[in-house]
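Engineer: The structure that follows is given in the form of structure tokens.
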Amino acid sequence: MRRGFNLVEAAVVLGIIGLVIGGIWVAASSITQNMRINETAMGILTTINNSRKLFPLAAYPTSNGDSVQIGTTLNAANGYPPGFSAFGNHAISPLGARIEAALACYADCPKLGVKFYGPGSVVYPSEVTAAECRQLVARFGSLIKDNSDFIYVQIQTLSNAVYQTLYPPFTFADVDCPADFSQVFFWFKP
């Protein structure tokens with residue numbers, strides 16, 4: 001009568017268990033990443049909505065090229081959403097990138113913007129990949145229900161200040177985030 005497994009049978013069983021656990025690991029990692037992307041996209045919209053409540057139109061700059069950082073006020077008023085870590089004049093998104101908000105006057109005045117830093121940033125580089133950037137911008141585009149107050153998304157690199165500008169509506173196929181993107185700006189009307 002035979003008892004237990006021999007070494008070959010044990011190796012096969014362990015191999016199968018390893019494949020199952022590996023598959024679960026990959027699926028869980030993908031789900032976690034999608035949640036971070038969704039949370040960041042929703043958080044940008046929440047930041048914009050909270051900024052509108054905190055800053056009247058009179059607070060916006062009126063001279064072309066001027067901007068006012070509003071992160072300190074947002075942090076004091078809990079204006080960044082849960083899931084974002086607030087620090088002084090900025091927040092860290094669920095994707096691990098620095099987020100800054102500003103009232104601005106660049107060509108179209110006034111503007112309300114959120115800036116998301118990428119790996120090509122000299123000042124605040126993040127580890128966000130080009131694929132994550134594309135997913136974030138595309139997810140953000142799918143969340144915009146009312147395009148009347150959204151102006152555009154602008155993707156920048158160090159070598160090209162305006163690498164790509166996306167006006168609504170746009171889809172995943174429209175988005176091109178290079179591996180060295182430095183910043184992504186999300187611009188809104190006040």
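Note on naming: chains are A, B, ... as they come in the structure tokens, residues start from 1 per chain, ligands start from 1 in the order shown.
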Using DSSP assignments from the backbone, pull out every residue in region 15-111 of chain A that falls under helix (DSSP H, G or I) and give it to me as number ranges by chain.
Structural biologist: A: 15-54, 57-59, 71-76
Engineer: Could you list, as a compact mmCIF listing (two decimals) with N, CA and C atoms, in the first residue's frame, every residue within 9 Å of Leu166 (chain A), counting only C-alpha atoms and ignoring same-chain residues fewer than 6 positions away?
Structural biologist:
# COMPACT_ATOMS: atom_id res chain seq x y z
N ILE A 151 -11.93 72.92 -19.23
CA ILE A 151 -11.31 73.55 -20.40
C ILE A 151 -10.49 72.52 -21.18
N TYR A 152 -9.43 71.97 -20.57
CA TYR A 152 -8.62 70.97 -21.25
C TYR A 152 -7.62 70.33 -20.29
N VAL A 153 -7.01 69.24 -20.76
CA VAL A 153 -5.90 68.58 -20.07
C VAL A 153 -4.67 68.85 -20.92
N GLN A 154 -3.57 69.17 -20.25
CA GLN A 154 -2.33 69.45 -20.96
C GLN A 154 -1.22 68.56 -20.40
N ILE A 155 -0.61 67.77 -21.28
CA ILE A 155 0.49 66.89 -20.89
C ILE A 155 1.79 67.56 -21.34
N ASP A 174 -7.05 58.72 -27.54
CA ASP A 174 -6.55 60.07 -27.81
C ASP A 174 -5.34 60.44 -26.95
N VAL A 175 -5.17 59.78 -25.81
CA VAL A 175 -4.18 60.18 -24.81
C VAL A 175 -2.81 59.59 -25.14
Engineer: Quick one, how far is CA of Leu57 (chain A) from CA of Tyr80 (chain A)?
Structural biologist: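 Computing the Euclidean distance for CA of Leu57 (chain A) and CA of Tyr80 (chain A) yields 20.0 Å.
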Engineer: At what distance in Å, to one decimal, does CA of Asn160 (chain A) lie from CA of Leu95 (chain A)?
Structural biologist: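 Atom-to-atom, CA of Leu95 (chain A) and CA of Asn160 (chain A) are spaced 23.7 Å apart.
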Engineer: Could you give me, as a PyMOL selection string, the residues within 9 Å of Thr40 (chain A), counting only C-alpha atoms and dropping anything in the same chain fewer than 4 positions from it?
Structural biologist: chain A and resi 35-36+44-45+83-84+93-95+136+140
Engineer: Using only C-alpha atoms, which protein or nucleic acid residues come within 8 Å of Leu103 (chain A)? Drop anything in the same chain fewer than 2 positions from it, and give the result as a count of residues only.
Structural biologist: 13
Engineer: So what do you get for CA of Gln183 (chain A) versus CA of Asn78 (chain A), distance-wise?
Structural biologist: 23.8 Å
Engineer: DSSP on the backbone: which residues in chain A end up as strand (DSSP E)? Give the answer as JSON, numbers by chain.
Structural biologist: {"A": [66, 67, 68, 69, 85, 86, 87, 90, 91, 92, 98, 99, 100, 101, 102, 103, 104, 105, 106, 108, 109, 110, 111, 112, 113, 114, 115, 116, 117, 150, 151, 152, 153, 154, 155, 156, 157, 164, 165, 166, 181, 182, 183, 184, 185, 186, 187, 188]}
Engineer: Choose the residue, out of A:Gln33, A:Thr165, A:Thr157, A:Ser142, that has the smallest atom-to-atom separation from Pro178 (chain A); count only C-alpha atoms.
Structural biologist: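 Nearest candidate to Pro178 (chain A) out of A:Gln33, A:Thr165, A:Thr157, A:Ser142: A:Thr157.
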Engineer: Give the answer as one residue: which of A:Arg134, A:Arg52, A:Lys115, A:His90 has the shortest atom-to-atom distance to Asp149 (chain A), using only C-alpha atoms?
Structural biologist: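 Smallest separation from Asp149 (chain A) among the options: A:Arg52.
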Engineer: When distances are computed from only C-alpha atoms, which of A:Asn147, A:Ser182, A:Ser159, A:Asn64 shows the smallest separation from Pro119 (chain A)?
Structural biologist: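 Ranking A:Asn147, A:Ser182, A:Ser159, A:Asn64 by distance to Pro119 (chain A), first place goes to A:Ser182.
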Engineer: Residues near region 121-129 of chain A, anyone? I mean within 10 Å using only C-alpha atoms, not counting same-chain ones fewer than 2 positions away, as a compact mmCIF listing (two decimals) with C-alpha atoms, in the first residue's frame.
Structural biologist:
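What follows is the written file selection_23.txt:
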# COMPACT_ATOMS: atom_id res chain seq x y z
CA LEU A 95 -0.62 56.94 -7.26
CA GLY A 96 2.18 58.50 -5.22
CA ALA A 97 2.57 61.69 -7.27
CA ARG A 98 2.60 65.24 -5.97
CA ILE A 99 -0.58 67.22 -6.68
CA PHE A 116 0.03 66.20 -11.40
CA TYR A 117 3.81 65.55 -11.48
CA GLY A 118 5.37 62.78 -13.54
CA PRO A 119 8.74 60.99 -13.70
CA ALA A 131 0.61 53.63 -18.94
CA GLU A 132 -0.73 54.86 -15.58
CA CYS A 133 -0.75 58.43 -16.89
CA ARG A 134 -2.76 57.36 -19.95
CA GLN A 135 -5.22 55.46 -17.78
CA GLN A 156 4.01 68.31 -20.73
CA THR A 157 7.56 67.01 -21.03
CA LEU A 158 10.81 68.83 -20.22
CA CYS A 177 1.72 60.20 -22.16
CA PRO A 178 5.41 59.75 -22.98
CA ALA A 179 7.61 57.89 -20.50
CA ASP A 180 9.30 61.15 -19.51
CA PHE A 181 6.17 63.26 -18.99
CA SER A 182 6.88 65.96 -16.42
CA GLN A 183 3.45 67.34 -15.59
Engineer: Taking into account only C-alpha atoms, which residue in the set A:Val114, A:Ile144, A:Leu19, A:Ala107 is nearest to Ala91 (chain A)?
Structural biologist: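 Looking at the shortest contact to Ala91 (chain A), the residue is A:Val114.
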